[in-house]
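J.: You'll find data_29.txt just under this line, and it carries compact mmCIF, C-alpha atoms.
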```txt
# COMPACT_ATOMS: atom_id res chain seq x y z
CA MET A 634 163.14 -59.51 -238.87
CA ASP A 635 161.42 -62.46 -237.18
CA LEU A 636 158.28 -61.31 -235.46
CA THR A 637 157.34 -64.88 -234.54
CA THR A 638 159.77 -64.57 -231.64
CA LYS A 639 157.72 -61.71 -230.21
CA PHE A 640 154.60 -63.73 -229.40
CA ASN A 641 153.57 -64.74 -225.91
CA PRO A 642 156.01 -67.59 -225.17
CA ASN A 643 153.19 -69.60 -223.62
CA LEU A 644 151.83 -70.05 -227.14
CA ASP A 645 154.76 -72.40 -227.79
CA LYS A 646 153.35 -74.65 -225.06
CA ILE A 647 149.99 -75.17 -226.75
CA ALA A 648 148.90 -76.46 -230.14
CA VAL A 649 145.80 -77.11 -232.17
CA SER A 650 143.90 -79.82 -230.31
CA LEU A 651 144.40 -83.45 -231.24
CA ILE A 652 140.69 -83.58 -232.04
CA ARG A 653 141.17 -80.96 -234.77
CA GLN A 654 144.37 -82.57 -235.97
CA PHE A 655 142.66 -85.92 -236.26
CA ASP A 656 139.66 -84.38 -238.01
CA GLN A 657 141.90 -82.75 -240.60
CA GLN A 658 143.74 -86.01 -241.19
CA VAL A 659 140.61 -88.07 -241.92
CA SER A 660 138.28 -85.49 -243.48
CA THR A 661 139.50 -86.19 -247.01
CA ILE A 662 138.46 -89.86 -246.85
CA PRO A 663 135.60 -90.30 -249.35
CA GLY A 664 132.18 -90.88 -247.77
CA ILE A 665 133.45 -90.71 -244.21
CA ILE A 666 130.84 -90.80 -241.44
CA LYS A 667 131.78 -88.67 -238.44
CA MET A 668 130.86 -89.60 -234.89
CA THR A 669 133.00 -86.76 -233.61
CA LEU A 670 130.91 -83.64 -233.16
CA GLY A 671 130.11 -82.35 -229.69
CA GLU A 672 126.89 -80.67 -230.72
CA PRO A 673 123.27 -81.78 -230.99
CA ASP A 674 122.15 -83.01 -234.40
CA PHE A 675 118.73 -81.44 -233.72
CA TYR A 676 117.57 -78.03 -234.90
CA THR A 677 116.90 -75.06 -232.64
CA PRO A 678 113.23 -75.14 -231.53
CA GLU A 679 110.86 -73.15 -233.75
CA HIS A 680 109.71 -70.80 -230.98
CA VAL A 681 113.33 -69.88 -230.26
CA LYS A 682 114.09 -69.26 -233.93
CA GLY A 683 110.97 -67.13 -234.14
CA ALA A 684 112.17 -64.94 -231.27
CA GLY A 685 115.50 -64.43 -233.00
CA ILE A 686 113.81 -63.51 -236.28
CA ALA A 687 111.48 -61.10 -234.47
CA ALA A 688 114.48 -59.40 -232.85
CA ILE A 689 116.11 -58.88 -236.24
CA GLU A 690 112.91 -57.51 -237.72
CA ALA A 691 112.51 -55.16 -234.73
CA ASN A 692 116.00 -53.77 -235.46
CA GLN A 693 117.50 -55.13 -232.26
CA SER A 694 120.95 -54.67 -233.71
CA HIS A 695 122.75 -52.57 -231.10
CA TYR A 696 124.96 -53.47 -228.18
CA THR A 697 123.35 -54.67 -225.00
CA GLY A 698 124.95 -53.85 -221.68
CA MET A 699 128.13 -55.73 -220.86
CA ALA A 700 126.33 -58.22 -218.64
CA GLY A 701 123.63 -58.89 -221.25
CA LEU A 702 119.93 -58.11 -221.41
CA LEU A 703 118.38 -57.87 -217.97
CA ASP A 704 115.35 -59.82 -219.23
CA LEU A 705 117.66 -62.65 -220.23
CA ARG A 706 119.45 -62.63 -216.90
CA GLN A 707 116.08 -62.71 -215.16
CA ALA A 708 115.00 -65.65 -217.33
CA ALA A 709 118.26 -67.42 -216.51
CA ALA A 710 117.77 -66.79 -212.80
CA ASP A 711 114.23 -68.19 -212.98
CA PHE A 712 115.45 -71.23 -214.95
CA VAL A 713 118.16 -72.29 -212.49
CA GLN A 714 115.86 -71.61 -209.54
CA LYS A 715 113.16 -73.88 -210.92
CA LYS A 716 115.49 -76.56 -212.25
CA TYR A 717 118.36 -76.65 -209.76
CA LYS A 718 117.21 -74.79 -206.61
CA LEU A 719 119.79 -72.04 -207.16
CA THR A 720 119.26 -68.38 -206.30
CA TYR A 721 121.11 -65.69 -208.25
CA HIS A 722 120.25 -62.02 -208.54
CA PRO A 723 119.97 -61.05 -212.21
CA GLU A 724 121.22 -57.53 -211.58
CA ASN A 725 124.70 -58.43 -210.37
CA GLU A 726 125.23 -62.21 -210.22
CA ILE A 727 124.71 -63.33 -213.82
CA LEU A 728 126.72 -62.57 -216.97
CA VAL A 729 125.73 -63.46 -220.54
CA THR A 730 128.75 -64.70 -222.51
CA VAL A 731 129.60 -65.74 -226.05
CA GLY A 732 129.01 -69.41 -225.43
CA VAL A 733 130.42 -71.36 -222.52
CA THR A 734 133.81 -71.24 -224.25
CA GLU A 735 134.07 -67.51 -223.58
CA ALA A 736 132.74 -68.08 -220.07
CA ILE A 737 135.63 -70.49 -219.48
CA SER A 738 138.13 -68.03 -220.96
CA ALA A 739 136.85 -65.05 -218.96
CA THR A 740 136.86 -67.07 -215.75
CA LEU A 741 140.33 -68.54 -216.09
CA LEU A 742 141.91 -65.28 -217.26
CA SER A 743 140.28 -63.49 -214.33
CA ILE A 744 141.49 -65.77 -211.55
CA LEU A 745 144.87 -67.17 -212.66
CA VAL A 746 148.36 -65.74 -212.34
CA ALA A 747 151.66 -67.35 -213.31
CA GLY A 748 152.37 -70.46 -211.26
CA ASP A 749 148.79 -71.16 -210.22
CA GLU A 750 147.57 -74.74 -210.45
CA VAL A 751 144.14 -75.98 -211.48
CA LEU A 752 142.87 -79.44 -210.59
CA ILE A 753 140.62 -81.46 -212.89
CA PRO A 754 139.29 -85.03 -212.87
CA ALA A 755 140.75 -86.81 -215.89
CA PRO A 756 140.15 -87.77 -218.68
CA ALA A 757 138.79 -84.31 -219.39
CA TYR A 758 137.57 -81.94 -222.08
CA PRO A 759 140.74 -80.59 -223.77
CA GLY A 760 139.60 -76.96 -224.00
CA TYR A 761 140.65 -76.00 -220.48
CA GLU A 762 144.39 -76.69 -220.44
CA PRO A 763 145.46 -74.32 -223.26
CA LEU A 764 143.73 -71.38 -221.56
CA ILE A 765 145.33 -72.27 -218.23
CA THR A 766 148.70 -72.46 -219.95
CA LEU A 767 148.25 -69.10 -221.68
CA ALA A 768 147.59 -67.55 -218.27
CA GLY A 769 150.84 -69.05 -216.99
CA GLY A 770 149.12 -71.70 -214.90
CA HIS A 771 149.39 -75.47 -214.79
CA LEU A 772 146.69 -78.12 -215.11
CA ILE A 773 146.95 -80.99 -212.62
CA GLU A 774 145.04 -84.09 -213.68
CA ILE A 775 143.43 -86.37 -211.12
CA ASP A 776 143.37 -89.88 -212.55
CA THR A 777 139.83 -91.29 -212.20
CA THR A 778 140.19 -94.27 -214.55
CA ALA A 779 140.36 -96.81 -211.72
CA ASN A 780 137.11 -95.49 -210.25
CA ASP A 781 134.95 -95.57 -213.41
CA PHE A 782 135.79 -91.88 -214.02
CA VAL A 783 134.15 -90.70 -210.77
CA LEU A 784 136.03 -88.20 -208.60
CA THR A 785 135.81 -89.12 -204.92
CA PRO A 786 136.22 -86.80 -201.92
CA GLU A 787 139.34 -88.78 -200.97
CA MET A 788 140.92 -88.20 -204.39
CA LEU A 789 140.12 -84.51 -204.22
CA GLU A 790 141.44 -84.06 -200.69
CA LYS A 791 144.65 -85.91 -201.55
CA SER A 792 145.30 -83.68 -204.57
CA LEU A 793 144.48 -80.48 -202.70
CA THR A 794 146.81 -81.49 -199.88
CA ALA A 795 149.61 -82.53 -202.23
CA HIS A 796 149.43 -79.18 -204.02
CA ALA A 797 148.64 -77.02 -201.00
CA GLY A 798 149.32 -73.35 -201.52
CA LYS A 799 149.43 -73.66 -205.30
CA VAL A 800 145.89 -74.69 -206.27
CA LYS A 801 143.73 -71.76 -207.32
CA ALA A 802 140.75 -73.66 -208.71
CA ILE A 803 139.09 -77.01 -209.33
CA ILE A 804 137.23 -77.60 -212.58
CA LEU A 805 134.21 -79.89 -212.36
CA ASN A 806 132.54 -80.68 -215.68
CA TYR A 807 129.47 -82.88 -215.29
CA PRO A 808 127.73 -84.55 -216.96
CA ALA A 809 131.21 -84.93 -218.34
CA ASN A 810 132.79 -84.72 -221.74
CA PRO A 811 134.15 -87.26 -222.74
CA THR A 812 132.91 -89.88 -220.25
CA GLY A 813 129.25 -88.96 -219.71
CA VAL A 814 129.74 -89.41 -215.95
CA THR A 815 127.60 -87.33 -213.62
CA TYR A 816 127.14 -87.17 -209.84
CA THR A 817 124.37 -87.89 -207.37
CA ARG A 818 123.26 -85.39 -204.74
CA GLU A 819 125.17 -87.32 -202.10
CA GLN A 820 128.36 -87.33 -204.15
CA ILE A 821 128.16 -83.60 -204.84
CA ALA A 822 127.49 -82.82 -201.18
CA ALA A 823 130.56 -84.85 -200.18
CA LEU A 824 132.80 -83.13 -202.74
CA ALA A 825 131.53 -79.75 -201.57
CA GLU A 826 132.52 -80.55 -197.98
CA VAL A 827 136.10 -81.05 -199.16
CA VAL A 828 136.05 -77.86 -201.21
CA LYS A 829 134.82 -75.78 -198.28
CA ARG A 830 137.90 -76.76 -196.26
CA HIS A 831 140.17 -75.08 -198.82
CA GLU A 832 140.49 -71.54 -200.16
CA VAL A 833 139.89 -72.41 -203.82
CA PHE A 834 137.45 -71.61 -206.59
CA VAL A 835 135.19 -74.26 -208.05
CA ILE A 836 134.63 -73.73 -211.77
CA ALA A 837 131.53 -75.81 -212.42
CA ASP A 838 131.04 -76.38 -216.15
CA GLU A 839 127.50 -77.77 -216.18
CA VAL A 840 126.61 -77.12 -219.82
CA TYR A 841 125.22 -80.68 -220.14
CA SER A 842 122.99 -80.32 -217.06
CA GLU A 843 119.77 -80.77 -219.04
CA LEU A 844 121.09 -83.98 -220.60
CA ASN A 845 121.01 -86.05 -217.42
CA TYR A 846 119.71 -89.61 -217.86
CA THR A 847 119.67 -90.80 -214.25
CA GLY A 848 115.99 -90.05 -213.73
CA GLU A 849 116.95 -87.62 -210.96
CA PRO A 850 117.36 -83.85 -211.38
CA HIS A 851 120.83 -82.48 -212.02
CA VAL A 852 122.47 -81.25 -208.80
CA SER A 853 124.82 -78.27 -209.01
CA ILE A 854 127.72 -77.96 -206.61
CA ALA A 855 126.73 -74.29 -206.43
CA GLU A 856 123.87 -75.42 -204.18
CA TYR A 857 126.39 -76.65 -201.59
CA ALA A 858 129.39 -74.32 -202.00
CA PRO A 859 127.86 -71.13 -203.41
CA GLU A 860 130.51 -68.67 -202.17
CA GLN A 861 133.29 -70.55 -203.96
CA THR A 862 131.51 -71.64 -207.12
CA ILE A 863 131.64 -69.98 -210.52
CA LEU A 864 128.88 -71.80 -212.37
CA LEU A 865 129.04 -71.99 -216.17
CA ASN A 866 126.11 -73.03 -218.32
CA GLY A 867 124.54 -72.20 -221.66
CA LEU A 868 122.03 -73.10 -224.33
CA SER A 869 124.17 -74.97 -226.85
CA LYS A 870 123.37 -78.47 -225.62
CA SER A 871 120.00 -77.98 -223.92
CA HIS A 872 118.34 -76.11 -226.80
CA ALA A 873 120.49 -77.14 -229.79
CA MET A 874 121.80 -73.57 -230.08
CA THR A 875 125.53 -74.08 -230.64
CA GLY A 876 125.69 -71.46 -233.40
CA TRP A 877 123.78 -68.83 -231.43
CA ARG A 878 126.69 -68.62 -228.97
CA ILE A 879 124.97 -67.93 -225.67
CA GLY A 880 126.62 -68.92 -222.42
CA LEU A 881 126.03 -67.87 -218.83
CA ILE A 882 128.16 -67.25 -215.76
CA PHE A 883 126.49 -67.43 -212.34
CA ALA A 884 128.50 -66.31 -209.32
CA PRO A 885 128.23 -64.27 -206.13
CA ALA A 886 128.18 -60.53 -206.79
CA ILE A 887 131.65 -60.01 -205.33
CA LEU A 888 133.07 -62.45 -207.91
CA THR A 889 130.94 -61.30 -210.83
CA ALA A 890 132.18 -57.74 -210.30
CA GLN A 891 135.67 -58.98 -211.21
CA LEU A 892 134.67 -61.42 -213.95
CA ILE A 893 132.77 -58.76 -215.90
CA LYS A 894 135.99 -56.80 -216.41
CA THR A 895 137.64 -59.60 -218.34
CA HIS A 896 134.40 -60.43 -220.14
CA GLN A 897 134.04 -56.82 -221.30
CA TYR A 898 137.51 -56.62 -222.80
CA LEU A 899 137.19 -60.00 -224.50
CA VAL A 900 133.85 -59.44 -226.27
CA THR A 901 132.02 -56.31 -225.02
CA SER A 902 128.73 -58.24 -225.07
CA ALA A 903 127.06 -61.28 -226.62
CA SER A 904 125.03 -61.08 -229.84
CA THR A 905 121.86 -59.06 -229.25
CA GLN A 906 119.59 -61.12 -231.51
CA SER A 907 120.85 -64.33 -229.90
CA GLN A 908 120.04 -62.94 -226.48
CA PHE A 909 116.42 -62.33 -227.46
CA ALA A 910 116.22 -65.90 -228.76
CA ALA A 911 117.71 -67.11 -225.49
CA ILE A 912 114.98 -65.39 -223.50
CA ALA A 913 112.40 -67.45 -225.40
CA ALA A 914 114.42 -70.62 -224.84
CA LEU A 915 114.64 -70.15 -221.07
CA ARG A 916 111.14 -68.78 -220.49
CA ASP A 917 109.05 -70.80 -222.91
CA GLY A 918 111.24 -73.83 -223.55
CA GLN A 919 112.31 -75.02 -220.14
CA ASP A 920 111.78 -78.62 -221.20
CA ASP A 921 112.98 -78.34 -224.80
CA ALA A 922 115.70 -80.88 -224.04
CA SER A 923 113.23 -83.65 -223.14
CA PRO A 924 112.61 -85.04 -226.66
CA MET A 925 116.34 -84.87 -227.37
CA LYS A 926 117.08 -86.79 -224.17
CA ALA A 927 114.68 -89.56 -225.13
CA GLU A 928 116.38 -89.98 -228.49
CA TYR A 929 119.88 -89.83 -227.02
CA ILE A 930 119.05 -92.62 -224.57
CA LYS A 931 117.91 -94.87 -227.42
CA ARG A 932 121.11 -94.18 -229.33
CA ARG A 933 123.31 -94.68 -226.28
CA ASP A 934 121.77 -98.04 -225.47
CA TYR A 935 121.96 -99.20 -229.10
CA ILE A 936 125.67 -98.40 -229.30
CA ILE A 937 126.48 -100.10 -226.01
CA SER A 938 124.56 -103.22 -227.05
CA HIS A 939 126.71 -103.47 -230.18
CA MET A 940 130.12 -102.43 -228.83
CA GLU A 941 130.26 -104.50 -225.67
CA PRO A 942 129.99 -107.84 -227.51
CA LEU A 943 133.03 -106.76 -229.53
CA GLY A 944 135.05 -106.46 -226.33
CA PHE A 945 134.87 -102.72 -225.69
CA LYS A 946 134.53 -101.89 -222.00
CA ILE A 947 132.02 -99.07 -221.48
CA ILE A 948 130.97 -97.29 -218.30
CA LYS A 949 127.36 -96.51 -219.10
CA PRO A 950 127.13 -92.72 -219.43
CA ASP A 951 124.49 -90.98 -217.34
CA GLY A 952 124.58 -87.72 -219.28
CA ALA A 953 125.86 -85.72 -222.27
CA PHE A 954 125.98 -87.62 -225.58
CA TYR A 955 129.27 -89.49 -225.66
CA ILE A 956 130.43 -93.09 -225.35
CA PHE A 957 133.95 -93.38 -223.93
CA ALA A 958 135.02 -96.93 -224.61
CA LYS A 959 138.14 -98.89 -223.67
CA ILE A 960 139.72 -100.47 -226.73
CA PRO A 961 139.82 -104.29 -226.41
CA ALA A 962 143.19 -105.52 -225.15
CA ASP A 963 143.88 -107.54 -228.32
CA LEU A 964 143.62 -104.45 -230.54
CA ASN A 965 145.97 -101.49 -231.01
CA GLN A 966 146.06 -99.53 -227.73
CA ASN A 967 147.47 -96.41 -229.37
CA SER A 968 144.16 -94.59 -229.67
CA PHE A 969 145.30 -92.13 -232.34
CA ASP A 970 146.65 -94.90 -234.58
CA PHE A 971 143.57 -97.04 -233.90
CA CYS A 972 141.20 -94.27 -234.98
CA VAL A 973 143.21 -93.32 -238.06
CA ASP A 974 143.35 -96.95 -239.17
CA PHE A 975 139.62 -97.42 -238.54
CA ALA A 976 138.88 -94.28 -240.53
CA GLN A 977 141.05 -95.32 -243.44
CA LYS A 978 139.67 -98.85 -243.63
CA GLN A 979 136.00 -98.25 -242.80
CA ALA A 980 135.40 -94.53 -243.49
CA VAL A 981 134.27 -93.79 -239.93
CA ALA A 982 135.71 -91.05 -237.71
CA ILE A 983 135.69 -91.43 -233.93
CA ILE A 984 137.89 -89.48 -231.50
CA PRO A 985 141.13 -90.90 -230.03
CA GLY A 986 141.06 -91.00 -226.24
CA ILE A 987 144.51 -89.40 -226.02
CA SER A 988 142.81 -86.19 -227.14
CA PHE A 989 141.45 -85.95 -223.58
CA GLY A 990 144.80 -86.22 -221.84
CA GLN A 991 147.21 -88.94 -220.81
CA TYR A 992 144.54 -90.86 -218.90
CA GLY A 993 142.41 -91.14 -222.02
CA GLU A 994 144.94 -93.25 -223.86
CA GLY A 995 143.58 -96.64 -224.84
CA PHE A 996 140.04 -95.29 -225.16
CA VAL A 997 137.92 -93.90 -228.00
CA ARG A 998 135.06 -91.40 -227.87
CA LEU A 999 131.95 -91.64 -230.04
CA SER A 1000 129.38 -88.88 -230.14
CA TYR A 1001 125.82 -90.16 -230.43
CA ALA A 1002 124.60 -86.74 -231.48
CA ALA A 1003 124.14 -88.42 -234.86
CA SER A 1004 121.27 -90.00 -236.74
CA MET A 1005 120.28 -93.55 -235.88
CA GLU A 1006 120.78 -94.42 -239.53
CA ASN A 1007 124.44 -93.39 -239.33
CA ILE A 1008 124.88 -95.04 -235.95
CA GLU A 1009 123.65 -98.36 -237.37
CA ILE A 1010 126.11 -98.10 -240.27
CA VAL A 1011 128.97 -97.21 -237.91
CA MET A 1012 128.27 -100.22 -235.69
CA GLN A 1013 128.27 -102.50 -238.73
CA ARG A 1014 131.58 -101.08 -239.89
CA LEU A 1015 133.12 -101.29 -236.42
CA ALA A 1016 132.17 -104.97 -236.18
CA ALA A 1017 133.69 -105.60 -239.60
CA TYR A 1018 136.87 -103.74 -238.64
CA VAL A 1019 137.31 -105.63 -235.38
CA ALA A 1020 136.70 -108.97 -237.08
CA ALA A 1021 139.28 -108.19 -239.76
CA GLU A 1022 141.87 -107.05 -237.20
CA ARG A 1023 141.40 -110.26 -235.23
CA GLY A 1024 141.74 -112.32 -238.38
```
Since I need it in another form, could you write the structure as structure tokens?
T.:
Amino acid sequence: MDLTTKFNPNLDKIAVSLIRQFDQQVSTIPGIIKMTLGEPDFYTPEHVKGAGIAAIEANQSHYTGMAGLLDLRQAAADFVQKKYKLTYHPENEILVTVGVTEAISATLLSILVAGDEVLIPAPAYPGYEPLITLAGGHLIEIDTTANDFVLTPEMLEKSLTAHAGKVKAIILNYPANPTGVTYTREQIAALAEVVKRHEVFVIADEVYSELNYTGEPHVSIAEYAPEQTILLNGLSKSHAMTGWRIGLIFAPAILTAQLIKTHQYLVTSASTQSQFAAIAALRDGQDDASPMKAEYIKRRDYIISHMEPLGFKIIKPDGAFYIFAKIPADLNQNSFDFCVDFAQKQAVAIIPGISFGQYGEGFVRLSYAASMENIEIVMQRLAAYVAAERG
């Protein structure tokens, strides 16, 4: 009896991500410093922790409704109204999810059927494609490398036209993982004009919205194409709450009524204590990301000032907390081999660009959600590695 043949055959098309594979390969290196993690190195704010503790002590240990606490949905509605000029009704246009990861899963499983195609600017976060594949869909990458990782209306229109009748959704993740690219109001408005000419969903993963370094407020595409947009956000990056697992879906009521079905059968509801903590984060900590942003900018600029003289080409990131750097032409362009060799020789882990799709090859990603002390050591070791490789 071989029950392995009875699994969903689409599972044979996916694998553990290259990021995890790489991490496993280098984790046994003694004293290794990791610049790999996509989570803040800060602690959850004290007032948020206090709200979570208070909820536990008040025996808030039962299920909430499927959509989450109404007070939390109201706080989320108020937050996006104040920050991003978005209007959502807490009663029927907001869902509380188990992190943005579950929000992505619930959304993709709700809208996709076998044969559907999903467009995404590439290089891109690798967590989308496996879920699309499991649903029987196909991810279509739009190569943005020649345009400094910025998707243009012309690129989007060309891809939508080339795949007419097959595209079900476009995923826009900005500020972006891995590139840190974000968009101006004018750019978003122009992309929205293209979207509105086509019968497609826009899945807007804006979890890094509070980590925008342009000096201008983040602009959501939901402001310009609200009927088509399923907006995903959460508290992991903005409030250093990765372990609390609170995400949010914002969408018109007619779409939310469908999304909640999938959400219910995936998780029933998000953690009750975490939801009470999230209320405090959104109501009383609307600017909790500000001190983190200031520190991230210092780290970003320090890394760029040390990597560029070594020959790494870097498009200065305007958000998130990643550096996506082109490996110098005189060094190994196989990003996986480059990173393994660097780890083995200098005890530093950075992520191979190939982990983010075919258009990430030849690049490396460094997370600057790390202490300045470690960043300084990593830059010293990278300089030593490059010098040794060049002889």
J.: In Å, how far is it from CA of Asn1007 in chain A to CA of Ile666 in chain A?
T.: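 Computed distance, CA of Asn1007 in chain A to CA of Ile666 in chain A, equals 7.2 Å.
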J.: Please identify all polymer residues lying at most 12 Å from the point (138.1, -88.4, -203.3) (file coordinates), using only C-alpha atoms, and present the result as a list of chain:residue names.
T.: A:Pro754, A:Ile775, A:Asp776, A:Thr777, A:Asn780, A:Phe782, A:Val783, A:Leu784, A:Thr785, A:Pro786, A:Glu787, A:Met788, A:Leu789, A:Glu790, A:Lys791, A:Ser792, A:Leu793, A:Thr794, A:Gln820, A:Ile821, A:Ala823, A:Leu824, A:Ala825, A:Glu826, A:Val827, A:Val828
J.: For range 965-980 of chain A, find every residue with an atom within 7 Å (counting all atoms listed in the file), except residues of its own chain fewer than 4 positions away, and show them as a list in words.
T.: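 The neighbour list is Val659, Ile662, Gly664, Ile665, Ile666, Ile960, Ile984, Pro985, Gly986, Ile987, Glu994, Gly995, Phe996, Val997, Arg1014 and Tyr1018 of chain A.
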J.: Please compute the CA of Met668 in chain A-CA of Gln1013 in chain A distance, one decimal, in Å.
T.: 13.7 Å
J.: Which residue, A:Ile737, A:Ala914, A:Ile803, A:Ala855, has the smallest gap to Val833 in chain A when you use all atoms listed in the file?
T.: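 The closest residue to Val833 in chain A is A:Ile803.
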J.: Tell me which of A:Ile647, A:Leu943, A:Pro950, A:Leu915 sits closest to Thr847 in chain A, counting all atoms listed in the file.
T.: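 Checking each candidate against Thr847 in chain A, we get A:Pro950 as the closest.
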J.: May I ask which of the residues A:Lys682, A:Lys946, A:Arg706, A:Lys926 is the closest one to Phe883 in chain A, counting all atoms listed in the file?
T.: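 Checking each of A:Lys682, A:Lys946, A:Arg706, A:Lys926 against Phe883 in chain A, counting all atoms listed in the file, the winner is A:Arg706.
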J.: Given only C-alpha atoms as the basis, pick out the residue of A:Asp921, A:Glu839, A:Asp711, A:Glu928 nearest to Asp674 in chain A.
T.: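 Distance minimum relative to Asp674 in chain A lands on A:Glu928.
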J.: Ranking A:Thr815, A:Asn725, A:Ser1000, A:Thr661 by minimum distance to Asn845 in chain A and counting all atoms listed in the file, which one comes first?
T.: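 So, comparing all the options, the nearest one is A:Thr815.
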J.: Output requested as an mmCIF file, in the frame of the given file - range 848-864 of chain A, filled out with N, CA and C atoms.
T.:
```cif
data_model
loop_
_atom_site.group_PDB
_atom_site.id
_atom_site.type_symbol
_atom_site.label_atom_id
_atom_site.label_comp_id
_atom_site.auth_asym_id
_atom_site.auth_seq_id
_atom_site.Cartn_x
_atom_site.Cartn_y
_atom_site.Cartn_z
ATOM 1 N N GLY A 848 117.355 -90.074 -214.242
ATOM 2 C CA GLY A 848 115.990 -90.050 -213.730
ATOM 3 C C GLY A 848 115.834 -89.104 -212.554
ATOM 4 N N GLU A 849 116.951 -88.597 -212.045
ATOM 5 C CA GLU A 849 116.950 -87.620 -210.960
ATOM 6 C C GLU A 849 117.382 -86.264 -211.516
ATOM 7 N N PRO A 850 116.937 -85.176 -210.901
ATOM 8 C CA PRO A 850 117.360 -83.850 -211.380
ATOM 9 C C PRO A 850 118.864 -83.650 -211.231
ATOM 10 N N HIS A 851 119.426 -82.874 -212.136
ATOM 11 C CA HIS A 851 120.830 -82.480 -212.020
ATOM 12 C C HIS A 851 121.024 -81.697 -210.719
ATOM 13 N N VAL A 852 122.142 -81.950 -210.050
ATOM 14 C CA VAL A 852 122.470 -81.250 -208.800
ATOM 15 C C VAL A 852 123.740 -80.431 -209.017
ATOM 16 N N SER A 853 123.654 -79.137 -208.841
ATOM 17 C CA SER A 853 124.820 -78.270 -209.010
ATOM 18 C C SER A 853 125.586 -78.159 -207.707
ATOM 19 N N ILE A 854 126.902 -78.157 -207.807
ATOM 20 C CA ILE A 854 127.720 -77.960 -206.610
ATOM 21 C C ILE A 854 127.549 -76.554 -206.066
ATOM 22 N N ALA A 855 127.010 -75.642 -206.903
ATOM 23 C CA ALA A 855 126.730 -74.290 -206.430
ATOM 24 C C ALA A 855 125.680 -74.288 -205.323
ATOM 25 N N GLU A 856 124.872 -75.320 -205.249
ATOM 26 C CA GLU A 856 123.870 -75.420 -204.180
ATOM 27 C C GLU A 856 124.548 -75.631 -202.825
ATOM 28 N N TYR A 857 125.724 -76.276 -202.836
ATOM 29 C CA TYR A 857 126.390 -76.650 -201.590
ATOM 30 C C TYR A 857 127.600 -75.777 -201.258
ATOM 31 N N ALA A 858 128.233 -75.189 -202.248
ATOM 32 C CA ALA A 858 129.390 -74.320 -202.000
ATOM 33 C C ALA A 858 129.234 -73.031 -202.807
ATOM 34 N N PRO A 859 128.169 -72.274 -202.549
ATOM 35 C CA PRO A 859 127.860 -71.130 -203.410
ATOM 36 C C PRO A 859 128.912 -70.021 -203.393
ATOM 37 N N GLU A 860 129.550 -69.768 -202.252
ATOM 38 C CA GLU A 860 130.510 -68.670 -202.170
ATOM 39 C C GLU A 860 131.757 -68.931 -203.002
ATOM 40 N N GLN A 861 132.067 -70.203 -203.238
ATOM 41 C CA GLN A 861 133.290 -70.550 -203.960
ATOM 42 C C GLN A 861 133.055 -70.897 -205.423
ATOM 43 N N THR A 862 131.805 -71.086 -205.802
ATOM 44 C CA THR A 862 131.510 -71.640 -207.120
ATOM 45 C C THR A 862 131.260 -70.570 -208.174
ATOM 46 N N ILE A 863 131.933 -70.741 -209.300
ATOM 47 C CA ILE A 863 131.640 -69.980 -210.520
ATOM 48 C C ILE A 863 130.977 -70.986 -211.464
ATOM 49 N N LEU A 864 129.683 -70.836 -211.615
ATOM 50 C CA LEU A 864 128.880 -71.800 -212.370
ATOM 51 C C LEU A 864 128.773 -71.363 -213.827
#
```
